[in-house]
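Student: So that you have it, the file is final.cif, and it contains mmCIF, N, CA and C atoms:
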data_work
loop_
_atom_site.label_atom_id
_atom_site.label_comp_id
_atom_site.auth_asym_id
_atom_site.auth_seq_id
_atom_site.Cartn_x
_atom_site.Cartn_y
_atom_site.Cartn_z
N MET A 1 47.80 2.36 -4.24
CA MET A 1 46.73 3.16 -4.79
C MET A 1 46.67 4.50 -4.05
N LYS A 2 46.67 5.57 -4.82
CA LYS A 2 46.51 6.90 -4.27
C LYS A 2 45.08 7.35 -4.45
N ARG A 3 44.72 8.42 -3.76
CA ARG A 3 43.34 8.93 -3.86
C ARG A 3 43.33 10.39 -4.25
N THR A 4 42.24 10.76 -4.91
CA THR A 4 41.99 12.14 -5.28
C THR A 4 40.48 12.37 -5.25
N THR A 5 40.07 13.61 -5.44
CA THR A 5 38.66 13.95 -5.47
C THR A 5 38.26 14.31 -6.89
N GLY A 6 37.13 13.82 -7.32
CA GLY A 6 36.61 14.13 -8.65
C GLY A 6 35.26 14.81 -8.54
N THR A 7 34.88 15.52 -9.60
CA THR A 7 33.59 16.21 -9.65
C THR A 7 32.78 15.64 -10.80
N ILE A 8 31.52 15.33 -10.54
CA ILE A 8 30.64 14.81 -11.58
C ILE A 8 30.21 15.95 -12.48
N ILE A 9 30.48 15.81 -13.78
CA ILE A 9 30.09 16.87 -14.73
C ILE A 9 28.90 16.47 -15.59
N SER A 10 28.55 15.18 -15.61
CA SER A 10 27.31 14.76 -16.25
C SER A 10 26.91 13.40 -15.69
N ALA A 11 25.60 13.14 -15.70
CA ALA A 11 25.06 11.87 -15.24
C ALA A 11 23.85 11.53 -16.10
N LYS A 12 23.91 10.38 -16.76
CA LYS A 12 22.82 9.98 -17.64
C LYS A 12 22.30 8.61 -17.25
N LYS A 13 20.99 8.55 -17.06
CA LYS A 13 20.35 7.27 -16.75
C LYS A 13 20.32 6.43 -18.02
N GLN A 14 20.63 5.16 -17.88
CA GLN A 14 20.63 4.23 -19.01
C GLN A 14 19.27 3.53 -19.08
N TRP A 15 18.31 4.19 -19.73
CA TRP A 15 16.93 3.69 -19.80
C TRP A 15 16.84 2.34 -20.50
N TRP A 16 17.75 2.04 -21.37
CA TRP A 16 17.69 0.81 -22.15
C TRP A 16 18.15 -0.42 -21.36
N LEU A 17 18.71 -0.22 -20.15
CA LEU A 17 19.22 -1.34 -19.35
C LEU A 17 18.45 -1.40 -18.02
N LYS A 18 17.28 -2.01 -18.05
CA LYS A 18 16.42 -2.09 -16.87
C LYS A 18 16.80 -3.29 -16.02
N VAL A 19 16.93 -3.06 -14.71
CA VAL A 19 17.21 -4.13 -13.75
C VAL A 19 15.96 -4.27 -12.88
N ASN A 20 15.32 -5.43 -12.96
CA ASN A 20 14.11 -5.68 -12.15
C ASN A 20 14.51 -6.15 -10.77
N THR A 21 13.91 -5.53 -9.74
CA THR A 21 14.24 -5.88 -8.36
C THR A 21 13.13 -6.66 -7.68
N LYS A 22 12.00 -6.87 -8.37
CA LYS A 22 10.88 -7.63 -7.81
C LYS A 22 10.60 -8.85 -8.68
N ILE A 23 10.23 -9.92 -8.04
CA ILE A 23 9.88 -11.13 -8.78
C ILE A 23 8.53 -10.96 -9.45
N LEU A 24 7.56 -10.42 -8.70
CA LEU A 24 6.22 -10.21 -9.22
C LEU A 24 6.02 -8.72 -9.44
N ARG A 25 5.71 -8.33 -10.67
CA ARG A 25 5.53 -6.91 -11.01
C ARG A 25 4.12 -6.68 -11.51
N PHE A 26 3.58 -5.50 -11.19
CA PHE A 26 2.23 -5.15 -11.63
C PHE A 26 2.24 -4.12 -12.75
N GLY A 27 3.40 -3.68 -13.16
CA GLY A 27 3.53 -2.72 -14.24
C GLY A 27 4.93 -2.83 -14.82
N PRO A 28 5.17 -2.22 -15.98
CA PRO A 28 6.48 -2.36 -16.63
C PRO A 28 7.63 -1.73 -15.85
N LEU A 29 7.35 -0.73 -15.02
CA LEU A 29 8.43 -0.09 -14.25
C LEU A 29 8.35 -0.39 -12.76
N ASP A 30 7.48 -1.31 -12.37
CA ASP A 30 7.36 -1.68 -10.96
C ASP A 30 8.62 -2.44 -10.53
N GLY A 31 9.38 -1.87 -9.63
CA GLY A 31 10.61 -2.49 -9.15
C GLY A 31 11.79 -2.32 -10.07
N ALA A 32 11.65 -1.49 -11.10
CA ALA A 32 12.74 -1.31 -12.07
C ALA A 32 13.75 -0.29 -11.55
N ARG A 33 15.02 -0.59 -11.78
CA ARG A 33 16.11 0.34 -11.48
C ARG A 33 16.98 0.44 -12.72
N PHE A 34 17.63 1.60 -12.85
CA PHE A 34 18.45 1.84 -14.03
C PHE A 34 19.84 2.31 -13.61
N PRO A 35 20.90 1.75 -14.22
CA PRO A 35 22.25 2.24 -13.92
C PRO A 35 22.48 3.61 -14.57
N TYR A 36 23.55 4.26 -14.15
CA TYR A 36 23.93 5.57 -14.68
C TYR A 36 25.32 5.49 -15.30
N VAL A 37 25.56 6.35 -16.27
CA VAL A 37 26.91 6.59 -16.78
C VAL A 37 27.22 8.03 -16.40
N ILE A 38 28.34 8.21 -15.69
CA ILE A 38 28.73 9.55 -15.27
C ILE A 38 30.03 9.95 -15.94
N LYS A 39 30.24 11.25 -16.05
CA LYS A 39 31.53 11.78 -16.46
C LYS A 39 32.11 12.47 -15.24
N VAL A 40 33.37 12.12 -14.93
CA VAL A 40 34.05 12.66 -13.76
C VAL A 40 35.27 13.45 -14.20
N ARG A 41 35.42 14.64 -13.66
CA ARG A 41 36.60 15.46 -13.92
C ARG A 41 37.46 15.43 -12.66
N TYR A 42 38.77 15.16 -12.84
CA TYR A 42 39.70 15.15 -11.72
C TYR A 42 41.07 15.62 -12.18
N VAL A 43 41.89 16.05 -11.24
CA VAL A 43 43.21 16.58 -11.54
C VAL A 43 44.24 15.79 -10.74
N ILE A 44 45.30 15.35 -11.45
CA ILE A 44 46.42 14.67 -10.81
C ILE A 44 47.70 15.30 -11.32
N ASP A 45 48.53 15.78 -10.41
CA ASP A 45 49.80 16.43 -10.74
C ASP A 45 49.64 17.54 -11.77
N GLY A 46 48.57 18.33 -11.64
CA GLY A 46 48.35 19.47 -12.51
C GLY A 46 47.71 19.13 -13.85
N LYS A 47 47.50 17.87 -14.15
CA LYS A 47 46.88 17.47 -15.42
C LYS A 47 45.43 17.09 -15.17
N GLU A 48 44.54 17.64 -16.00
CA GLU A 48 43.11 17.37 -15.85
C GLU A 48 42.70 16.17 -16.69
N TYR A 49 41.86 15.31 -16.10
CA TYR A 49 41.34 14.13 -16.77
C TYR A 49 39.82 14.17 -16.72
N VAL A 50 39.18 13.60 -17.74
CA VAL A 50 37.73 13.41 -17.75
C VAL A 50 37.49 11.96 -18.17
N LYS A 51 36.80 11.22 -17.32
CA LYS A 51 36.54 9.80 -17.58
C LYS A 51 35.07 9.49 -17.41
N ARG A 52 34.60 8.49 -18.17
CA ARG A 52 33.23 7.97 -18.02
C ARG A 52 33.28 6.72 -17.15
N LYS A 53 32.32 6.59 -16.24
CA LYS A 53 32.24 5.42 -15.37
C LYS A 53 30.78 4.99 -15.23
N TRP A 54 30.56 3.68 -15.14
CA TRP A 54 29.23 3.13 -14.87
C TRP A 54 28.98 3.14 -13.38
N ILE A 55 27.77 3.50 -13.00
CA ILE A 55 27.33 3.43 -11.60
C ILE A 55 26.21 2.40 -11.56
N GLY A 56 26.42 1.35 -10.80
CA GLY A 56 25.43 0.28 -10.71
C GLY A 56 24.16 0.70 -9.99
N THR A 57 23.13 -0.13 -10.08
CA THR A 57 21.83 0.20 -9.51
C THR A 57 21.82 0.15 -7.98
N SER A 58 22.81 -0.48 -7.37
CA SER A 58 22.81 -0.58 -5.91
C SER A 58 23.50 0.61 -5.23
N TYR A 59 23.99 1.55 -6.00
CA TYR A 59 24.67 2.72 -5.45
C TYR A 59 23.77 3.95 -5.54
N PRO A 60 24.05 4.97 -4.72
CA PRO A 60 23.21 6.17 -4.74
C PRO A 60 23.23 6.86 -6.12
N VAL A 61 22.11 7.49 -6.45
CA VAL A 61 21.99 8.20 -7.72
C VAL A 61 22.88 9.43 -7.70
N PRO A 62 23.78 9.57 -8.67
CA PRO A 62 24.69 10.72 -8.69
C PRO A 62 23.99 11.99 -9.16
N THR A 63 24.53 13.12 -8.74
CA THR A 63 24.02 14.43 -9.13
C THR A 63 25.17 15.25 -9.69
N VAL A 64 24.91 15.98 -10.75
CA VAL A 64 25.94 16.84 -11.35
C VAL A 64 26.40 17.85 -10.30
N GLY A 65 27.72 18.00 -10.15
CA GLY A 65 28.30 18.90 -9.18
C GLY A 65 28.75 18.22 -7.90
N ASP A 66 28.29 16.99 -7.67
CA ASP A 66 28.73 16.23 -6.49
C ASP A 66 30.20 15.87 -6.63
N THR A 67 30.86 15.72 -5.50
CA THR A 67 32.25 15.25 -5.51
C THR A 67 32.28 13.82 -4.99
N LEU A 68 33.27 13.08 -5.43
CA LEU A 68 33.45 11.71 -4.95
C LEU A 68 34.93 11.37 -4.90
N GLN A 69 35.24 10.38 -4.10
CA GLN A 69 36.62 9.94 -3.93
C GLN A 69 36.98 8.93 -5.01
N LEU A 70 38.17 9.10 -5.57
CA LEU A 70 38.67 8.23 -6.62
C LEU A 70 40.00 7.63 -6.20
N ALA A 71 40.23 6.39 -6.58
CA ALA A 71 41.51 5.73 -6.35
C ALA A 71 42.18 5.51 -7.70
N TYR A 72 43.50 5.68 -7.74
CA TYR A 72 44.24 5.50 -8.99
C TYR A 72 45.65 5.01 -8.69
N ASN A 73 46.30 4.47 -9.70
CA ASN A 73 47.67 4.03 -9.61
C ASN A 73 48.56 5.14 -10.18
N GLU A 74 49.69 5.39 -9.58
CA GLU A 74 50.57 6.47 -10.04
C GLU A 74 51.03 6.29 -11.49
N GLU A 75 51.24 5.05 -11.94
CA GLU A 75 51.71 4.81 -13.30
C GLU A 75 50.61 5.04 -14.33
N THR A 76 49.36 4.82 -13.93
CA THR A 76 48.24 4.96 -14.87
C THR A 76 47.13 5.81 -14.23
N PRO A 77 47.33 7.12 -14.14
CA PRO A 77 46.30 7.96 -13.50
C PRO A 77 45.03 8.11 -14.32
N GLU A 78 45.06 7.68 -15.58
CA GLU A 78 43.85 7.76 -16.40
C GLU A 78 42.87 6.63 -16.08
N LYS A 79 43.32 5.62 -15.32
CA LYS A 79 42.44 4.53 -14.89
C LYS A 79 42.09 4.77 -13.42
N ILE A 80 40.78 4.94 -13.19
CA ILE A 80 40.33 5.25 -11.84
C ILE A 80 39.29 4.25 -11.35
N LYS A 81 39.13 4.20 -10.04
CA LYS A 81 38.06 3.44 -9.40
C LYS A 81 37.36 4.38 -8.43
N ILE A 82 36.06 4.29 -8.39
CA ILE A 82 35.29 5.10 -7.44
C ILE A 82 35.34 4.43 -6.09
N VAL A 83 35.63 5.21 -5.05
CA VAL A 83 35.69 4.69 -3.68
C VAL A 83 34.37 5.06 -3.00
N TYR A 84 33.59 4.05 -2.61
CA TYR A 84 32.30 4.30 -1.97
C TYR A 84 32.41 4.31 -0.48
#
Let me see whether you can do it: turn the structure in this file into structure tokens.

Tutor:
Amino acid sequence: MKRTTGTIISAKKQWWLKVNTKILRFGPLDGARFPYVIKVRYVIDGKEYVKRKWIGTSYPVPTVGDTLQLAYNEETPEKIKIVY
């Protein structure tokens, strides 16, 4: 696995997929967390790629313009994994 740097170009909260983190809640959003779908732009060997990835509720909230580390296989650079 090789690594490269990607830039977040969009981040959207998935309001329809609520994850409750408390057993006892006093309101509909008490203890609620929401995953994000991000679009990441990265370049490998001069070719630019844009991919969508899910960010789970246990990871930091992404911000547009942030950079992150990506892992990929040389044979399939269009398939990436985010390295936390």

Student: In the coordinates of the file, take the point (42.7, 8.7, -4.3) and a cut-off of 6.5 Å; then, counting only N, CA and C atoms, name each qualifying protein, DNA or RNA residue as a short mmCIF file (atom, residue, chain, number, x, y, z; two decimals) with N, CA and C atoms, in the frame of the given file.

Tutor:
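Generated file (selection-v9.cif):
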data_model
loop_
_atom_site.label_atom_id
_atom_site.label_comp_id
_atom_site.auth_asym_id
_atom_site.auth_seq_id
_atom_site.Cartn_x
_atom_site.Cartn_y
_atom_site.Cartn_z
N MET A 1 47.80 2.36 -4.24
CA MET A 1 46.73 3.16 -4.79
C MET A 1 46.67 4.50 -4.05
N LYS A 2 46.67 5.57 -4.82
CA LYS A 2 46.51 6.90 -4.27
C LYS A 2 45.08 7.35 -4.45
N ARG A 3 44.72 8.42 -3.76
CA ARG A 3 43.34 8.93 -3.86
C ARG A 3 43.33 10.39 -4.25
N THR A 4 42.24 10.76 -4.91
CA THR A 4 41.99 12.14 -5.28
C THR A 4 40.48 12.37 -5.25
N THR A 5 40.07 13.61 -5.44
CA THR A 5 38.66 13.95 -5.47
C THR A 5 38.26 14.31 -6.89
N GLN A 69 35.24 10.38 -4.10
CA GLN A 69 36.62 9.94 -3.93
C GLN A 69 36.98 8.93 -5.01
N LEU A 70 38.17 9.10 -5.57
CA LEU A 70 38.67 8.23 -6.62
C LEU A 70 40.00 7.63 -6.20
N ALA A 71 40.23 6.39 -6.58
CA ALA A 71 41.51 5.73 -6.35
C ALA A 71 42.18 5.51 -7.70
N TYR A 72 43.50 5.68 -7.74
CA TYR A 72 44.24 5.50 -8.99
C TYR A 72 45.65 5.01 -8.69
#

Student: Which residue out of A:Tyr49, A:Arg25, A:Trp16, A:Ser10 has the minimum interatomic distance to Val37 of chain A when all atoms listed in the file are used?

Tutor: A:Ser10

Student: Measure the distance from atom CA of Ile55 of chain A to atom CA of Pro77 of chain A in Å and round it to one decimal.

Tutor: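 A separation of 19.6 Å between them.
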
Student: As an exercise, work out the distance from atom C of Val19 of chain A to atom C of Ser58 of chain A in Å and give it to one decimal place.

Tutor: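 It comes out at 11.8 Å.
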
Student: Listed atoms of segment 39-44 of chain A, axis-aligned box, 3 Å per side: centre and edge lengths to one decimal in Å, as lines of an AutoDock Vina configuration file?

Tutor:
center_x = 39.0
center_y = 13.9
center_z = -13.6
size_x = 23.5
size_y = 11.3
size_z = 11.7

Student: Quick one: of A:Leu24, A:Asp30, A:Glu78, A:Asp66, who's nearest to Asp45 of chain A, counting only C-alpha atoms?

Tutor: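 Smallest distance to Asp45 of chain A is found for A:Glu78.
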
Student: Return as an MDAnalysis selection string the full set of residues in chain A whose backbone-based DSSP assignment is strand (DSSP E).

Tutor: chainID A and resid 2:13 19:20 32:33 36:44 47:55 67:73 76:83

Student: Please write as a list in words the full residue list that the PyMOL selection byres ((chain A and resi 20) around 7) yields on this file.

Tutor: Lys18, Val19, Thr21, Lys22, Ile23, Asp30, Gly31, Ala32 and Arg33 of chain A

Student: List the neighbours of segment 38-44 of chain A out to 7 Å using only C-alpha atoms; skip same-chain residues closer than 5 positions along the sequence, and give me the result as number ranges by chain.

Tutor: A: 5-12, 49-54

Student: What does the distance from atom C of Gly27 of chain A to atom N of Pro62 of chain A come to in Å, to one decimal?

Tutor: 23.4 Å
